[in-house]
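Trainee: Submitted below is the structure of interest, expressed as structure tokens.
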Amino acid sequence: MPYTINAGAAPLAIAECEWAAAANVAPTAGGDTQPTIQFTAFTSCIGIAARNAAGTQVIGIHLAIYDAANNQFSAADVPTVVGILQGQNYNPNELFIIGETAVWQASVLAAYNALIAALPNAQIYSLADGTYGAGISAGGALEPTY
């Protein structure tokens with residue numbers, strides 16, 4: 001069976017194998033970036049964050065190595081990820097991949113490389129376990145939140 005990614009209802013708590021989108025959240029009065037989307041804790045996961053072409057929303061996709069039915073993410077599942085982004089009219093020049101990239105390189109290298117190839121402009125933030133998200137900076141750029 002194919003790897004399953006479901007639409008989530010909570011943009012500030014995007015669980016494993018879910019995606020969500022939300023309207024931009026402005027920075028604080030002090031200029032600090034606030035999360036527009038946020039993933040639940042990563043232990044071996046990666047997340048994709050992107051802006052829509054209009055620049056009004058942030059899209060987040062939380063990828064685990066295995067989905068709830070124990071299907072491993074593979075290169076054949078990359079079109080599903082790209083399809084979600086395209087369905088939200090994403091800007092291919094405003095996106096990043098964040099999280100446990102080293103775990104993915106060690107566990108599902110071919111799938112990870114296919115994902116990187118499908119999103120060639122993505123910035124990559126290789127991080128350890130944690131809770132991450134994305135928001136809009138005071139300068140209007142998409143950036144990670146921690």
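In the structure tokens, the first chain shown is A, the next is B, and so on; residue numbers restart at 1 for each chain, and ligands run from 1 in the order shown.
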So that I can check the surroundings of stretch 108-110 of chain A, please list as a list of chain:residue names every protein, DNA and RNA residue that reaches within 8 Å of it, counting only C-alpha atoms and ignoring chain neighbours fewer than 3 positions away.

Mentor: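 Here the qualifying residues turn out to be A:Ile65, A:Phe73, A:Ser74, A:Ala75, A:Trp104, A:Gln105, A:Asn113, A:Ala114.
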
Trainee: Please return, as a ChimeraX atom specification, all residues of chain A that DSSP assigns to helix (DSSP H, G or I) on the basis of the backbone.

Mentor: /A:75-87,101-107,109-118

Trainee: Can you pull out the residues contacting A:Ala23? Cut-off 8 Å, using only C-alpha atoms, and skip same-chain residues under 6 positions away; I want them as a list of chain:residue names.

Mentor: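 Close residues of A:Ala23: A:Thr36, A:Thr56, A:Gln57, A:Val58.
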
Trainee: Could you check which of A:Ile14, A:Ile46, A:Ala20, A:Leu115 is closest to A:Leu127, using only C-alpha atoms?

Mentor: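 When distances to A:Leu127 are compared using only C-alpha atoms, the smallest one comes from A:Ile46.
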
Trainee: Just list as a VMD selection string whatever in stretch 2-116 of chain A DSSP marks as strand (DSSP E or B).

Mentor: chain A and resid 6 to 7 14 18 to 23 35 to 39 42 46 to 52 57 to 63 66 72 90 to 99

Trainee: Show me, as an MDAnalysis selection string, the residues that have an atom within 9 Å of A:Phe42 when counting only C-alpha atoms, minus same-chain residues fewer than 6 positions from it.

Mentor: chainID A and resid 16 62 64 99:100 128:132

Trainee: Just write the chosen residues, C-alpha atoms, as a PDB file, in the first residue's frame.

Mentor:
```pdb
ATOM      1  CA  GLU A  16       3.026  12.642  11.685  1.00  0.00           C
ATOM      2  CA  HIS A  62       5.054  16.316   8.585  1.00  0.00           C
ATOM      3  CA  ALA A  64       7.631  10.171   9.277  1.00  0.00           C
ATOM      4  CA  GLY A  99      14.337  18.091  11.049  1.00  0.00           C
ATOM      5  CA  GLU A 100      16.076  14.755  11.286  1.00  0.00           C
ATOM      6  CA  ALA A 128      18.049  16.892  16.222  1.00  0.00           C
ATOM      7  CA  ASP A 129      14.860  15.838  18.026  1.00  0.00           C
ATOM      8  CA  GLY A 130      12.617  18.804  18.678  1.00  0.00           C
ATOM      9  CA  THR A 131       9.487  20.731  17.870  1.00  0.00           C
ATOM     10  CA  TYR A 132       9.762  22.981  14.836  1.00  0.00           C
TER      11      TYR A 132
END
```

Trainee: Excluding A:Ala15 and residues on its chain fewer than 6 positions from it, collect all residues at most 8 Å away from it, counting only C-alpha atoms, and give them as a list in words.

Mentor: Gly8, Phe39, Thr40 and His62 of chain A

Trainee: Mind checking which residues fall within 10 Å of A:Gly139, counting only C-alpha atoms, ignoring those fewer than 2 positions away in the same chain, and posting them as an MDAnalysis selection string?

Mentor: chainID A and resid 27 31 33 136:137 141:142

Trainee: Tell me which of A:Gly60, A:Pro120, A:Gly30, A:Pro35 sits closest to A:Ala7, counting only C-alpha atoms.

Mentor: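 Of A:Gly60, A:Pro120, A:Gly30, A:Pro35, the one nearest A:Ala7, counting only C-alpha atoms, is A:Gly60.
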
Trainee: Report, in Å with one decimal, the straight-line distance from atom CA of A:Ala118 to atom CA of A:Gly140.

Mentor: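 Going from atom CA of A:Ala118 over to atom CA of A:Gly140 covers 25.1 Å.
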
Trainee: Which one is closest to A:Ala41: A:Val103, A:Val78, A:Ala111, A:Leu63? Count only C-alpha atoms.

Mentor: A:Leu63

Trainee: Of the candidates A:Met1, A:Ile48, A:Leu119, A:Cys17, which shows the shortest atom-to-atom distance to A:Pro92, using only C-alpha atoms?

Mentor: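 Among A:Met1, A:Ile48, A:Leu119, A:Cys17, it is A:Leu119 that comes nearest to A:Pro92.
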
Trainee: Take atom CA of A:Asn70 and atom CA of A:Gly87 and report the distance between them in Å, one decimal.

Mentor: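 For atom CA of A:Asn70 relative to atom CA of A:Gly87, the distance reads 25.6 Å.
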
Trainee: Which residues are close to A:Asn93, i.e. within 7 Å by only C-alpha atoms, leaving aside same-chain residues fewer than 2 positions away? Reply as a list in words.

Mentor: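 Near neighbours after the sequence-gap exclusion: Asn91, Leu95 and Asn121 of chain A.
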
Trainee: For A:Pro144, which of A:Ala49, A:Ala54, A:Val82, A:Val25 is the closest residue, counting only C-alpha atoms?

Mentor: A:Ala49

Trainee: Can you work out which one of A:Ala22, A:Thr28, A:Gly47, A:Ala68 has the shortest atom-to-atom distance to A:Gln88, counting only C-alpha atoms?

Mentor: A:Ala22
